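J.: Structure file structure30.txt (compact mmCIF, C-alpha atoms) right here:
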```txt
# COMPACT_ATOMS: atom_id res chain seq x y z
CA MET A 1 -133.97 -128.31 42.62
CA ASN A 2 -132.36 -128.94 39.23
CA ARG A 3 -131.83 -125.22 38.71
CA LEU A 4 -130.09 -125.01 42.09
CA ILE A 5 -127.83 -127.94 41.23
CA ARG A 6 -126.94 -126.34 37.90
CA ALA A 7 -126.12 -123.05 39.61
CA MET A 8 -123.84 -124.75 42.14
CA ARG A 9 -121.76 -126.81 39.73
CA ALA A 10 -118.05 -126.05 39.69
CA ILE A 11 -116.37 -125.82 36.32
CA ARG A 12 -112.63 -126.36 36.49
CA VAL A 13 -112.07 -125.37 32.87
CA LEU A 14 -108.35 -124.75 32.83
CA ALA A 15 -107.48 -127.99 34.57
CA LEU A 16 -109.84 -130.01 32.40
CA CYS A 17 -108.82 -128.45 29.14
CA GLY A 18 -105.19 -129.25 29.84
CA LEU A 19 -105.86 -132.88 30.69
CA PHE A 20 -104.53 -134.39 27.47
CA VAL A 21 -102.87 -132.69 24.52
CA TRP A 22 -101.66 -135.12 21.87
CA ALA A 23 -99.43 -133.19 19.48
CA PHE A 24 -98.69 -134.73 16.12
CA ALA A 25 -96.59 -131.96 14.67
CA ASP A 26 -93.29 -133.55 15.66
CA THR A 27 -93.39 -136.26 12.98
CA ALA A 28 -95.32 -134.46 10.29
CA GLY A 29 -92.45 -132.37 8.98
CA ALA A 30 -91.46 -128.74 9.36
CA ALA A 31 -93.47 -127.60 6.36
CA ALA A 32 -96.74 -129.08 7.64
CA THR A 33 -99.56 -126.75 8.65
CA ALA A 34 -100.83 -127.30 12.19
CA VAL A 35 -104.53 -128.19 12.48
CA ARG A 36 -105.89 -128.14 16.04
CA LEU A 37 -108.59 -130.76 16.68
CA ALA A 38 -110.51 -130.64 19.96
CA CYS A 39 -112.23 -133.89 20.84
CA LEU A 40 -113.12 -136.44 23.48
CA GLY A 41 -111.05 -139.58 23.96
CA GLU A 42 -113.73 -141.61 22.22
CA PHE A 43 -114.52 -143.54 19.08
CA GLU A 44 -115.08 -140.59 16.73
CA SER A 45 -111.50 -139.40 17.43
CA PHE A 46 -109.99 -142.78 16.58
CA PRO A 47 -109.80 -142.21 12.79
CA ALA A 48 -107.95 -138.91 13.30
CA TRP A 49 -105.42 -140.65 15.55
CA TYR A 50 -105.03 -143.55 13.12
CA ALA A 51 -104.60 -141.21 10.16
CA HIS A 52 -101.58 -139.78 11.95
CA GLU A 53 -100.28 -143.27 12.78
CA ARG A 54 -100.17 -143.91 9.04
CA GLN A 55 -98.88 -140.35 8.42
CA TRP A 56 -101.83 -139.61 6.16
CA ASP A 57 -102.08 -136.15 7.72
CA ALA A 58 -98.45 -135.44 6.77
CA ALA A 59 -99.14 -136.67 3.24
CA GLU A 60 -101.82 -133.96 3.05
CA GLY A 61 -99.39 -131.30 4.28
CA ILE A 62 -100.99 -130.88 7.72
CA ALA A 63 -100.00 -131.76 11.28
CA VAL A 64 -102.96 -132.68 13.49
CA GLU A 65 -102.83 -131.72 17.17
CA LEU A 66 -105.45 -133.36 19.42
CA LYS A 67 -106.77 -131.59 22.51
CA VAL A 68 -108.75 -134.15 24.51
CA LEU A 69 -111.48 -132.93 26.85
CA PRO A 70 -113.88 -134.76 29.18
CA THR A 71 -117.17 -133.51 27.66
CA GLY A 72 -118.39 -131.96 24.44
CA ARG A 73 -120.11 -129.21 26.41
CA LEU A 74 -116.74 -128.02 27.77
CA LEU A 75 -115.30 -128.22 24.27
CA VAL A 76 -118.06 -126.05 22.81
CA ASP A 77 -118.45 -123.60 25.70
CA ASN A 78 -114.71 -122.84 25.70
CA MET A 79 -113.97 -122.90 22.00
CA ARG A 80 -112.42 -119.41 22.02
CA ALA A 81 -110.12 -120.15 24.94
CA LEU A 82 -109.12 -123.51 23.46
CA ASP A 83 -108.60 -121.92 20.03
CA TRP A 84 -109.40 -125.06 18.05
CA ASN A 85 -109.83 -125.25 14.29
CA LEU A 86 -111.92 -128.42 14.11
CA ALA A 87 -113.63 -130.55 16.73
CA ALA A 88 -115.30 -133.93 17.09
CA CYS A 89 -118.11 -134.10 19.64
CA GLY A 90 -121.71 -135.14 20.15
CA GLY A 91 -124.49 -133.49 18.21
CA VAL A 92 -126.09 -132.24 21.42
CA PRO A 93 -123.34 -129.75 22.38
CA ALA A 94 -122.44 -129.07 18.74
CA MET A 95 -125.92 -127.68 18.07
CA LEU A 96 -125.35 -124.88 20.58
CA ALA A 97 -122.26 -123.78 18.68
CA MET A 98 -124.25 -123.97 15.46
CA LEU A 99 -126.93 -121.74 16.95
CA ARG A 100 -124.26 -119.16 17.75
CA LYS A 101 -123.22 -119.48 14.09
CA ASP A 102 -119.72 -120.33 15.27
CA VAL A 103 -119.25 -123.57 13.33
CA TYR A 104 -120.09 -125.61 10.28
CA ALA A 105 -120.92 -129.31 10.52
CA VAL A 106 -118.51 -130.70 7.93
CA GLY A 107 -118.74 -134.43 8.65
CA VAL A 108 -120.26 -137.16 10.79
CA GLY A 109 -118.09 -139.05 13.25
CA THR A 110 -120.24 -141.94 14.48
CA ASP A 111 -123.69 -142.93 15.60
CA GLU A 112 -123.10 -143.64 19.30
CA ALA A 113 -126.67 -144.28 20.50
CA ALA A 114 -126.03 -147.94 21.31
CA ALA A 115 -122.96 -147.05 23.40
CA ASN A 116 -124.62 -144.47 25.70
CA GLY A 117 -126.96 -145.55 28.45
CA ILE A 118 -128.55 -145.45 31.89
CA TYR A 119 -127.00 -147.71 34.55
CA ALA A 120 -128.19 -148.95 37.93
CA ARG A 121 -126.89 -151.21 40.69
CA PRO A 122 -127.50 -154.92 40.07
CA GLY A 123 -130.08 -155.18 42.89
CA SER A 124 -132.18 -152.28 41.60
CA PRO A 125 -135.91 -153.01 41.25
CA LEU A 126 -135.75 -151.20 37.88
CA PHE A 127 -134.65 -154.46 36.25
CA THR A 128 -137.84 -156.30 37.18
CA ALA A 129 -140.35 -153.44 37.08
CA ASP A 130 -142.64 -152.70 34.16
CA LYS A 131 -142.70 -149.13 32.79
CA ALA A 132 -145.47 -147.93 35.08
CA GLU A 133 -143.75 -149.30 38.18
CA ALA A 134 -140.36 -148.00 37.02
CA GLY A 135 -141.91 -144.54 36.68
CA ARG A 136 -143.19 -144.71 40.26
CA LEU A 137 -139.81 -145.91 41.49
CA MET A 138 -137.93 -143.08 39.78
CA ARG A 139 -140.28 -140.24 40.68
CA GLY A 140 -138.34 -138.04 43.10
CA GLY A 141 -135.21 -140.17 42.59
CA MET A 142 -131.68 -138.86 42.01
CA ILE A 143 -129.82 -139.42 38.74
CA LEU A 144 -126.18 -138.48 38.08
CA CYS A 145 -125.74 -137.10 34.56
CA PRO A 146 -123.61 -134.54 32.66
CA LEU A 147 -126.12 -131.91 31.55
CA GLY A 148 -126.29 -130.71 27.96
CA THR A 149 -124.74 -133.92 26.59
CA SER A 150 -125.82 -137.01 24.68
CA ALA A 151 -126.18 -138.83 28.03
CA HIS A 152 -128.66 -136.14 29.11
CA GLN A 153 -130.58 -136.62 25.85
CA ILE A 154 -130.91 -140.35 26.54
CA LEU A 155 -131.97 -139.68 30.12
CA LEU A 156 -134.84 -137.44 29.04
CA ALA A 157 -135.96 -139.96 26.40
CA TRP A 158 -135.88 -142.73 29.00
CA LEU A 159 -137.83 -140.65 31.53
CA GLU A 160 -140.42 -139.78 28.89
CA GLY A 161 -140.87 -143.49 28.20
CA LEU A 162 -141.59 -143.93 31.92
CA GLY A 163 -144.16 -141.14 31.86
CA LEU A 164 -141.89 -138.68 33.70
CA ARG A 165 -140.56 -135.20 33.06
CA GLU A 166 -137.16 -133.82 33.97
CA ASP A 167 -138.59 -131.99 36.99
CA ASP A 168 -140.01 -135.24 38.36
CA VAL A 169 -136.47 -136.34 39.31
CA VAL A 170 -133.36 -134.72 40.77
CA ILE A 171 -130.55 -134.54 38.22
CA VAL A 172 -127.06 -133.90 39.56
CA ASP A 173 -124.78 -132.42 36.88
CA THR A 174 -121.68 -134.61 37.08
CA LYS A 175 -118.98 -135.53 34.57
CA PRO A 176 -118.93 -139.25 33.67
CA GLU A 177 -115.89 -140.32 35.70
CA GLU A 178 -117.01 -138.36 38.76
CA ALA A 179 -120.58 -139.59 38.32
CA LEU A 180 -119.43 -143.19 38.25
CA ALA A 181 -117.28 -142.78 41.37
CA ALA A 182 -120.11 -141.06 43.25
CA PHE A 183 -122.66 -143.67 42.17
CA LEU A 184 -120.38 -146.54 43.21
CA GLY A 185 -120.04 -144.74 46.53
CA GLY A 186 -123.80 -144.94 47.06
CA MET A 187 -125.03 -141.62 45.67
CA GLY A 188 -128.11 -141.60 43.42
CA ASP A 189 -130.57 -144.14 42.04
CA ALA A 190 -129.23 -144.25 38.46
CA VAL A 191 -126.36 -142.82 36.43
CA ALA A 192 -126.14 -141.78 32.76
CA LEU A 193 -122.86 -142.73 31.09
CA TRP A 194 -121.21 -143.03 27.72
CA SER A 195 -118.45 -145.35 26.66
CA PRO A 196 -115.74 -146.03 27.58
CA ALA A 197 -116.80 -145.00 31.12
CA ALA A 198 -119.68 -147.43 30.70
CA TYR A 199 -117.21 -150.31 30.53
CA GLU A 200 -115.74 -149.38 33.88
CA ALA A 201 -119.30 -149.34 35.22
CA ARG A 202 -119.84 -152.90 33.98
CA ARG A 203 -116.53 -154.04 35.42
CA ARG A 204 -117.66 -152.67 38.77
CA GLY A 205 -120.91 -154.63 38.62
CA LEU A 206 -123.39 -152.04 37.35
CA ARG A 207 -126.00 -153.05 34.76
CA GLU A 208 -127.48 -151.17 31.82
CA VAL A 209 -131.14 -150.22 32.22
CA ALA A 210 -131.49 -148.72 28.72
CA ASN A 211 -129.35 -147.26 25.95
CA GLY A 212 -129.95 -144.65 23.28
CA LYS A 213 -130.89 -147.19 20.65
CA ASP A 214 -133.46 -148.71 23.04
CA CYS A 215 -134.94 -145.23 23.41
CA GLY A 216 -135.32 -144.85 19.64
CA LEU A 217 -132.52 -142.31 19.23
CA VAL A 218 -129.86 -141.80 16.62
CA GLN A 219 -127.02 -139.90 18.29
CA PRO A 220 -124.55 -138.61 15.71
CA THR A 221 -121.20 -137.24 16.73
CA LEU A 222 -120.20 -134.44 14.40
CA ILE A 223 -117.01 -133.14 12.87
CA ILE A 224 -117.37 -129.38 13.19
CA ALA A 225 -115.14 -126.59 11.92
CA GLU A 226 -114.81 -123.10 13.33
CA ARG A 227 -116.47 -120.95 10.67
CA ARG A 228 -113.81 -118.28 10.25
CA TYR A 229 -111.10 -120.90 10.06
CA ALA A 230 -113.04 -123.01 7.55
CA ASP A 231 -113.84 -120.02 5.35
CA GLY A 232 -110.20 -118.90 5.41
CA HIS A 233 -108.58 -122.35 5.18
CA PRO A 234 -110.89 -124.64 3.19
CA GLN A 235 -107.96 -126.67 1.85
CA GLU A 236 -106.85 -127.60 5.38
CA VAL A 237 -110.36 -128.67 6.36
CA THR A 238 -110.60 -130.86 3.26
CA ALA A 239 -107.11 -132.24 3.89
CA PHE A 240 -108.12 -133.25 7.41
CA LEU A 241 -111.31 -134.92 6.17
CA ARG A 242 -109.44 -136.77 3.44
CA GLY A 243 -107.08 -138.33 5.98
CA TYR A 244 -109.93 -138.99 8.41
CA LEU A 245 -112.04 -140.76 5.78
CA GLN A 246 -109.06 -142.73 4.54
CA ALA A 247 -108.68 -143.98 8.11
CA VAL A 248 -112.41 -144.78 8.32
CA ALA A 249 -112.15 -146.96 5.21
CA ALA A 250 -109.11 -148.77 6.61
CA LEU A 251 -110.68 -149.34 10.03
CA GLU A 252 -113.93 -150.61 8.53
CA SER A 253 -112.08 -153.37 6.68
CA MET A 254 -109.65 -154.19 9.51
CA PRO A 255 -110.04 -157.62 11.16
CA ASP A 256 -110.86 -157.71 14.87
CA ARG A 257 -107.44 -159.15 15.78
CA GLU A 258 -105.78 -155.98 14.45
CA PHE A 259 -108.50 -153.53 15.47
CA ALA A 260 -108.65 -154.39 19.18
CA PRO A 261 -104.99 -153.76 20.14
CA LEU A 262 -104.93 -150.61 18.02
CA TYR A 263 -108.02 -149.18 19.69
CA ARG A 264 -106.71 -150.08 23.14
CA ARG A 265 -103.48 -148.20 22.42
CA PHE A 266 -105.44 -145.21 21.11
CA LEU A 267 -107.42 -144.92 24.37
CA LYS A 268 -104.33 -145.40 26.50
CA GLU A 269 -102.28 -142.79 24.66
CA THR A 270 -104.94 -140.12 24.21
CA ALA A 271 -107.19 -140.50 27.24
CA GLY A 272 -105.23 -142.60 29.72
CA ARG A 273 -107.87 -145.36 29.69
CA GLU A 274 -107.29 -149.11 29.93
CA ILE A 275 -109.88 -151.42 28.36
CA SER A 276 -109.86 -155.10 27.53
CA VAL A 277 -109.86 -156.71 24.10
CA GLU A 278 -113.51 -157.64 24.61
CA GLU A 279 -114.41 -154.07 25.52
CA ALA A 280 -112.56 -152.73 22.47
CA LEU A 281 -114.61 -155.01 20.23
CA ALA A 282 -117.80 -153.99 22.05
CA GLU A 283 -116.85 -150.38 21.30
CA ARG A 284 -116.57 -151.31 17.65
CA ALA A 285 -119.97 -153.01 17.68
CA GLY A 286 -121.61 -150.08 19.48
CA HIS A 287 -120.46 -147.37 17.06
CA THR A 288 -121.16 -146.82 13.38
CA LEU A 289 -118.51 -145.12 11.25
CA PHE A 290 -119.47 -143.42 7.99
CA THR A 291 -117.48 -143.78 4.79
CA ALA A 292 -116.96 -140.95 2.33
CA GLU A 293 -119.87 -142.16 0.20
CA ARG A 294 -122.23 -142.21 3.17
CA GLN A 295 -120.96 -138.82 4.31
CA ARG A 296 -121.96 -137.30 0.99
CA VAL A 297 -125.46 -138.75 1.32
CA LEU A 298 -125.86 -137.55 4.90
CA LEU A 299 -124.57 -134.03 4.30
CA GLY A 300 -125.86 -133.57 0.75
CA GLY A 301 -129.20 -133.84 -0.99
CA GLU A 302 -131.57 -131.26 -2.42
CA ARG A 303 -130.83 -129.13 0.62
CA ASP A 304 -127.35 -129.41 2.10
CA GLY A 305 -127.47 -131.84 4.98
CA GLU A 306 -131.11 -132.84 4.60
CA ALA A 307 -130.51 -136.41 5.82
CA LEU A 308 -128.37 -135.28 8.74
CA ARG A 309 -130.85 -132.55 9.61
CA GLY A 310 -133.44 -135.27 10.12
CA TRP A 311 -131.24 -136.78 12.83
CA LEU A 312 -130.53 -133.42 14.39
CA ARG A 313 -134.22 -132.54 14.76
CA ASN A 314 -134.27 -134.86 17.78
CA VAL A 315 -131.33 -132.92 19.19
CA ILE A 316 -133.19 -129.64 18.68
CA ALA A 317 -136.24 -131.09 20.43
CA PHE A 318 -134.01 -132.15 23.34
CA HIS A 319 -132.64 -128.63 23.73
CA GLN A 320 -136.18 -127.25 23.72
CA LYS A 321 -137.16 -129.65 26.50
CA THR A 322 -134.25 -128.50 28.66
CA GLY A 323 -134.99 -124.83 28.02
CA ALA A 324 -131.64 -124.31 26.29
CA LEU A 325 -133.52 -123.34 23.11
CA SER A 326 -136.63 -121.25 22.71
CA SER A 327 -139.15 -122.03 19.98
CA ARG A 328 -137.73 -119.11 18.00
CA GLU A 329 -134.17 -120.41 18.34
CA ALA A 330 -135.23 -123.93 17.41
CA GLY A 331 -136.87 -122.62 14.27
CA GLU A 332 -133.77 -120.62 13.45
CA LEU A 333 -131.60 -123.73 13.79
CA GLU A 334 -133.88 -125.57 11.38
CA ARG A 335 -133.23 -122.88 8.77
CA LEU A 336 -129.50 -122.27 9.29
CA PRO A 337 -127.39 -123.54 6.37
CA LEU A 338 -124.60 -124.70 8.69
CA VAL A 339 -124.53 -128.36 7.63
CA THR A 340 -122.47 -128.47 4.46
CA PRO A 341 -120.79 -131.07 2.21
CA ARG A 342 -118.57 -128.49 0.53
CA PHE A 343 -115.44 -129.44 2.47
CA LEU A 344 -115.74 -133.17 1.79
CA PRO A 345 -113.02 -134.44 -0.57
CA SER A 346 -114.54 -135.32 -3.93
CA GLY A 347 -112.51 -138.43 -4.67
CA THR A 348 -112.17 -140.20 -1.30
CA GLU A 349 -113.65 -143.66 -0.94
```
Let me see the structure of the file written as structure tokens.
T.:
Amino acid sequence: MNRLIRAMRAIRVLALCGLFVWAFADTAGAAATAVRLACLGEFESFPAWYAHERQWDAAEGIAVELKVLPTGRLLVDNMRALDWNLAACGGVPAMLAMLRKDVYAVGVGTDEAAANGIYARPGSPLFTADKAEAGRLMRGGMILCPLGTSAHQILLAWLEGLGLREDDVVIVDTKPEEALAAFLGGMGDAVALWSPAAYEARRRGLREVANGKDCGLVQPTLIIAERRYADGHPQEVTAFLRGYLQAVAALESMPDREFAPLYRRFLKETAGREISVEEALAERAGHTLFTAERQRVLLGGERDGEALRGWLRNVIAFHQKTGALSSREAGELERLPLVTPRFLPSGTE
């Protein structure tokens, strides 16, 4: 059933890819070098947007252009057509690009595990059932979820905790906004969402059954660079990261009263989303940003990226469960030297 659903899904790539393009070149100066960043309108993109607000990209001699897409899987699957230089997306889709040897992981955006989750209607018996009963309730049930994403990773971890496998349920491959609309219309028994779509779900009365942190996951979003671009333009990659990490440091120390309106404007301008002050602060609480010092620890070590690789092993295991990776490919990913600290600026704090 799941294979049939996957085969029938319609991918409207051109329409989706053109949804939002936020060009920064206009204020960065004629001499600035354009750097194309593909991303989702989510927390890991916020520092890039804020760096431009403060013109820290222009100070580095670059002009960042954001292309905002609905899912990381679309971003990765269409990287050639989109022609991006760098991207910010979940580790789940990024690993597929790493397997193709198309990208380097040059930074960590956030840990978003606490912000991604499974939602159900408020009257669902899932909220009062123990694990064994919840497993019986969900067996044969329908769940709306974007396949090959961090939401899918949480879903499988949640099902495993209930004693179920992916084939024990019917998973309908649906983008978050469409999944939420369909679920509110009565389709399915549960829906897997990430923020900020999760906030709309809560506003509409849905309740969280579990999130990634509950399921024992760390879900890093990654800053990835197209390999040929990074090898040919290392200074531009480092310039982008220097502005990004400068923004991270500023946002980390920013009081809530300044952070909330800024984040609300970011979502409105880049993704067309409206959220409340309370939801903006919940976004802050549900995501972990990583300073330059922490980036060096995560990406460095005796082997480049040893700490980050530990997080990504769960992602590799997820792809094996879905059949996206064979055992041979999983082993190859473990050995690939594609996580590297060499583009991180040496003096950024």
J.: Taking all atoms of region 120-123 of chain A that the file lists, what box with edges along x, y and z, padded by 6 Å per side, do you get, with centre and edge lengths in Å to one decimal, as AutoDock Vina command-line options?
T.:
```
--center_x -128.5 --center_y -152.1 --center_z 40.4 --size_x 15.2 --size_y 18.2 --size_z 17.0
```
J.: Using all atoms listed in the file, what does the table of region 82-178 of chain A residues within 10 Å of region 321-333 of chain A look like, with each row giving the shortest atom pair and its distance in Å to one decimal, sorted by chain and ascending number, as a tab-separated table?
T.:
```
residue	atom	partner	partner_atom	distance
A:Met95	CA	A:Leu333	CA	8.1
A:Leu96	CA	A:Ala324	CA	8.5
A:Met98	CA	A:Leu333	CA	7.5
A:Leu99	CA	A:Leu333	CA	6.0
A:Arg100	CA	A:Leu333	CA	9.5
A:Lys101	CA	A:Leu333	CA	9.4
A:Leu147	CA	A:Thr322	CA	9.3
A:Gly148	CA	A:Thr322	CA	8.3
A:His152	CA	A:Thr322	CA	9.5
A:Gln153	CA	A:Thr322	CA	9.3
A:Leu156	CA	A:Lys321	CA	8.5
A:Arg165	CA	A:Lys321	CA	9.2
A:Glu166	CA	A:Thr322	CA	8.1
```
J.: If you keep C-alpha atoms, can you produce a file of those selected residues as a compact mmCIF listing (two decimals), in the frame of the given file?
T.:
```txt
# COMPACT_ATOMS: atom_id res chain seq x y z
CA MET A 95 -125.92 -127.68 18.07
CA LEU A 96 -125.35 -124.88 20.58
CA MET A 98 -124.25 -123.97 15.46
CA LEU A 99 -126.93 -121.74 16.95
CA ARG A 100 -124.26 -119.16 17.75
CA LYS A 101 -123.22 -119.48 14.09
CA LEU A 147 -126.12 -131.91 31.55
CA GLY A 148 -126.29 -130.71 27.96
CA HIS A 152 -128.66 -136.14 29.11
CA GLN A 153 -130.58 -136.62 25.85
CA LEU A 156 -134.84 -137.44 29.04
CA ARG A 165 -140.56 -135.20 33.06
CA GLU A 166 -137.16 -133.82 33.97
```
J.: Counting all atoms listed in the file, I want the residues whose atoms come within 8 Å of (-123.4, -122.4, 11.2) in the file frame, returned as a PyMOL selection string.
T.: chain A and resi 97-105+227+336-339
J.: Take the residues just selected and output them with C-alpha atoms as a short mmCIF file (atom, residue, chain, number, x, y, z; two decimals), in the frame of the given file.
T.:
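Written file, part_11.cif:
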```cif
data_model
loop_
_atom_site.label_atom_id
_atom_site.label_comp_id
_atom_site.auth_asym_id
_atom_site.auth_seq_id
_atom_site.Cartn_x
_atom_site.Cartn_y
_atom_site.Cartn_z
CA ALA A 97 -122.26 -123.78 18.68
CA MET A 98 -124.25 -123.97 15.46
CA LEU A 99 -126.93 -121.74 16.95
CA ARG A 100 -124.26 -119.16 17.75
CA LYS A 101 -123.22 -119.48 14.09
CA ASP A 102 -119.72 -120.33 15.27
CA VAL A 103 -119.25 -123.57 13.33
CA TYR A 104 -120.09 -125.61 10.28
CA ALA A 105 -120.92 -129.31 10.52
CA ARG A 227 -116.47 -120.95 10.67
CA LEU A 336 -129.50 -122.27 9.29
CA PRO A 337 -127.39 -123.54 6.37
CA LEU A 338 -124.60 -124.70 8.69
CA VAL A 339 -124.53 -128.36 7.63
#
```
J.: Between A:Ser276, A:Thr291, A:Gln55, A:Asn116, which has the minimum distance to Asp214 (chain A) (counting only C-alpha atoms)?
T.: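 Of the candidates, the smallest distance to Asp214 (chain A) is held by A:Asn116.
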J.: Which is closest to Gly90 (chain A) among A:Ile62, A:Ala192, A:Val172, A:Ile223, if we use only C-alpha atoms?
T.: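 Counting only C-alpha atoms, the residue closest to Gly90 (chain A) is A:Ile223.
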J.: Looking at A:Leu66, A:Ala307, A:Leu193, A:Val209, which one is nearest to Ala181 (chain A), with distances taken over all atoms listed in the file?
T.: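 Comparing A:Leu66, A:Ala307, A:Leu193, A:Val209 against Ala181 (chain A), the winner is A:Leu193.
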J.: Would you kindly identify which residues have an atom no farther than 7 Å from (-125.4, -149.4, 23.5), using all atoms listed in the file and the file's own coordinates, and write them out as a PDB file with C-alpha atoms, keeping the file's coordinate frame?
T.:
```pdb
ATOM      1  CA  ALA A 113    -126.670-144.280  20.500  1.00  0.00           C
ATOM      2  CA  ALA A 114    -126.030-147.940  21.310  1.00  0.00           C
ATOM      3  CA  ALA A 115    -122.960-147.050  23.400  1.00  0.00           C
ATOM      4  CA  ASN A 116    -124.620-144.470  25.700  1.00  0.00           C
ATOM      5  CA  GLY A 117    -126.960-145.550  28.450  1.00  0.00           C
ATOM      6  CA  ASN A 211    -129.350-147.260  25.950  1.00  0.00           C
ATOM      7  CA  GLY A 212    -129.950-144.650  23.280  1.00  0.00           C
ATOM      8  CA  LYS A 213    -130.890-147.190  20.650  1.00  0.00           C
ATOM      9  CA  GLY A 286    -121.610-150.080  19.480  1.00  0.00           C
TER      10      GLY A 286
END
```
J.: Using all atoms listed in the file for the distances, tell me which of A:Val35, A:Ala282, A:Met142, A:Val68 is nearest to Phe183 (chain A).
T.: A:Met142
J.: Hey, which of A:Glu42, A:Glu226, A:Glu112, A:Asp167 ends up closest to Ala94 (chain A)? Count all atoms listed in the file.
T.: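 Nearest candidate to Ala94 (chain A) out of A:Glu42, A:Glu226, A:Glu112, A:Asp167: A:Glu226.
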J.: Which is closest to Glu274 (chain A) among A:Glu236, A:Glu293, A:Glu200, A:Glu208, if we use only C-alpha atoms?
T.: A:Glu200
J.: If we count all atoms listed in the file and set the cut-off at 12 Å, which residues sit around Arg257 (chain A), ignoring sequence neighbours fewer than 6 positions away in its own chain? Please answer as a short mmCIF file (atom, residue, chain, number, x, y, z; two decimals) with C-alpha atoms, in the frame of the given file.
T.:
```
data_model
loop_
_atom_site.label_atom_id
_atom_site.label_comp_id
_atom_site.auth_asym_id
_atom_site.auth_seq_id
_atom_site.Cartn_x
_atom_site.Cartn_y
_atom_site.Cartn_z
CA LEU A 251 -110.68 -149.34 10.03
CA TYR A 263 -108.02 -149.18 19.69
CA ARG A 264 -106.71 -150.08 23.14
CA VAL A 277 -109.86 -156.71 24.10
CA GLU A 278 -113.51 -157.64 24.61
CA ALA A 280 -112.56 -152.73 22.47
CA LEU A 281 -114.61 -155.01 20.23
#
```
J.: Can you measure CA of Cys39 (chain A) to CA of Ala88 (chain A) for me? One decimal in Å is fine.
T.: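 About the pair CA of Cys39 (chain A) and CA of Ala88 (chain A): they are 4.8 Å apart.
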J.: Just how far from CA of Thr288 (chain A) is CA of Ile171 (chain A), in Å to one decimal?
T.: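 Separation of CA of Ile171 (chain A) and CA of Thr288 (chain A): 29.3 Å.
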